[in-house]
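K.L.:
Take this structure first; my questions come after.
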Amino acid sequence: MDNFDHEELPFGNFDDVPDFGRNEEQGKEEGTLGKCPKCGGDVLWGTYGAYCKERCGMTLAKAFGKQFDREQVRALLRCEKVLVTDLESKKGGHYNAWLHPDGTEQYSFTNKEGKEISGFRYKFTMEFAEREKKDEQTE
């Protein structure tokens, strides 16, 4: 047999090695942001934004190319509207809009590497914010 005590590994113990994968511990420290609208699991904050702990495929991190912050995700999970600023129009202009969660929908697309990506995301009803009028001046 070997000369090693099997209670202690010769190259150290793995209990003190950090987990470089999902940052679930960070989410546990802060608590959950809310419940997933698809499966009812806890939504946590990780390295890349909000995610469902149950990994049901629900995307909660961004919409229209804008990353949501923690407070916006909390509001969306409570079915409240959130203000998203500096959205870019097809003509190249910029605008602000309120997004109202309006259920969930399945999505799929093929990424640049040719891999099929699919999951679930919020459907939104968009309400445009008032534009600031640059012509009007008050005395």
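How things are named: the first chain in the structure tokens is A, the next is B, and so on; residues count from 1 in each chain; ligands count from 1 in the order shown.
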List every residue of stretch 43-86 of chain A that has an atom at most 10 Å from any atom of stretch 114-118 of chain A, giving for each one its closest atom pair and the distance in Å to one decimal, counting only C-alpha atoms, sorted by chain and then by ascending residue number, as JSON lines.

P.N.:
{"residue": "A:Gly57", "atom": "CA", "partner": "A:Ser118", "partner_atom": "CA", "distance": 7.7}
{"residue": "A:Met58", "atom": "CA", "partner": "A:Ser118", "partner_atom": "CA", "distance": 9.6}
{"residue": "A:Thr59", "atom": "CA", "partner": "A:Ser118", "partner_atom": "CA", "distance": 9.8}

K.L.:
Please give the complete set of residues from stretch 15-132 of chain A that DSSP, run on the backbone, assigns to strand (DSSP E or B), formatted as a ChimeraX atom specification.

P.N.:
/A:34-35,42-46,49-52,58-59,62-63,66-67,82-88,94-110,116-128

K.L.:
For A:His100, which residue among A:Thr125, A:Thr85, A:Thr32, A:Gln72 is the nearest when counting only C-alpha atoms?

P.N.:
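Of A:Thr125, A:Thr85, A:Thr32, A:Gln72, the one nearest A:His100, counting only C-alpha atoms, is A:Thr125.
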
K.L.:
Find the spatial neighbours of A:Gly34, counting only C-alpha atoms, within a cut-off of 9 Å - ignore same-chain residues fewer than 5 positions away - and output them as a list in words.

P.N.:
Gly40, Gly41, Asp42, Val43, Leu44, Val73, Arg74, Leu77 and Arg78 of chain A

K.L.:
Could you turn the residues from that selection into a file that holds N, CA, C and O atoms, as a PDB file, in the first residue's frame?

P.N.:
ATOM      1  N   GLY A  40     -40.260  30.244 -10.795  1.00  0.00           N
ATOM      2  CA  GLY A  40     -40.461  30.540  -9.383  1.00  0.00           C
ATOM      3  C   GLY A  40     -39.215  30.385  -8.526  1.00  0.00           C
ATOM      4  O   GLY A  40     -39.268  30.541  -7.323  1.00  0.00           O
ATOM      5  N   GLY A  41     -38.066  30.077  -9.150  1.00  0.00           N
ATOM      6  CA  GLY A  41     -36.810  29.942  -8.415  1.00  0.00           C
ATOM      7  C   GLY A  41     -36.272  31.292  -7.974  1.00  0.00           C
ATOM      8  O   GLY A  41     -36.758  32.347  -8.402  1.00  0.00           O
ATOM      9  N   ASP A  42     -35.266  31.282  -7.111  1.00  0.00           N
ATOM     10  CA  ASP A  42     -34.653  32.514  -6.637  1.00  0.00           C
ATOM     11  C   ASP A  42     -33.812  33.135  -7.746  1.00  0.00           C
ATOM     12  O   ASP A  42     -33.098  32.446  -8.473  1.00  0.00           O
ATOM     13  N   VAL A  43     -33.886  34.458  -7.860  1.00  0.00           N
ATOM     14  CA  VAL A  43     -33.049  35.200  -8.793  1.00  0.00           C
ATOM     15  C   VAL A  43     -31.924  35.821  -7.985  1.00  0.00           C
ATOM     16  O   VAL A  43     -32.159  36.517  -6.995  1.00  0.00           O
ATOM     17  N   LEU A  44     -30.697  35.547  -8.386  1.00  0.00           N
ATOM     18  CA  LEU A  44     -29.500  36.027  -7.702  1.00  0.00           C
ATOM     19  C   LEU A  44     -28.715  36.953  -8.623  1.00  0.00           C
ATOM     20  O   LEU A  44     -28.919  36.950  -9.835  1.00  0.00           O
ATOM     21  N   VAL A  73     -33.800  45.113 -11.863  1.00  0.00           N
ATOM     22  CA  VAL A  73     -34.222  43.707 -11.842  1.00  0.00           C
ATOM     23  C   VAL A  73     -35.243  43.481 -10.735  1.00  0.00           C
ATOM     24  O   VAL A  73     -36.269  42.828 -10.948  1.00  0.00           O
ATOM     25  N   ARG A  74     -34.999  44.044  -9.556  1.00  0.00           N
ATOM     26  CA  ARG A  74     -35.972  43.903  -8.454  1.00  0.00           C
ATOM     27  C   ARG A  74     -37.335  44.451  -8.870  1.00  0.00           C
ATOM     28  O   ARG A  74     -38.371  43.836  -8.609  1.00  0.00           O
ATOM     29  N   LEU A  77     -39.089  42.158 -11.385  1.00  0.00           N
ATOM     30  CA  LEU A  77     -39.596  40.947 -10.740  1.00  0.00           C
ATOM     31  C   LEU A  77     -40.848  41.221  -9.911  1.00  0.00           C
ATOM     32  O   LEU A  77     -41.617  40.314  -9.638  1.00  0.00           O
ATOM     33  N   ARG A  78     -41.054  42.502  -9.537  1.00  0.00           N
ATOM     34  CA  ARG A  78     -42.297  42.912  -8.848  1.00  0.00           C
ATOM     35  C   ARG A  78     -43.338  43.397  -9.859  1.00  0.00           C
ATOM     36  O   ARG A  78     -44.349  43.981  -9.465  1.00  0.00           O
TER      37      ARG A  78
END

K.L.:
Which polymer residues have any atom within 8 Å of an atom of A:Lys66, counting only C-alpha atoms, with same-chain residues fewer than 4 positions away left out, as a ChimeraX atom specification?

P.N.:
/A:62,84,87

K.L.:
Would you work out the distance separating atom CA of A:Asn111 from atom CA of A:Gly92, expressed in Å to one decimal?

P.N.:
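Straight-line distance from atom CA of A:Asn111 to atom CA of A:Gly92 works out to 23.9 Å.
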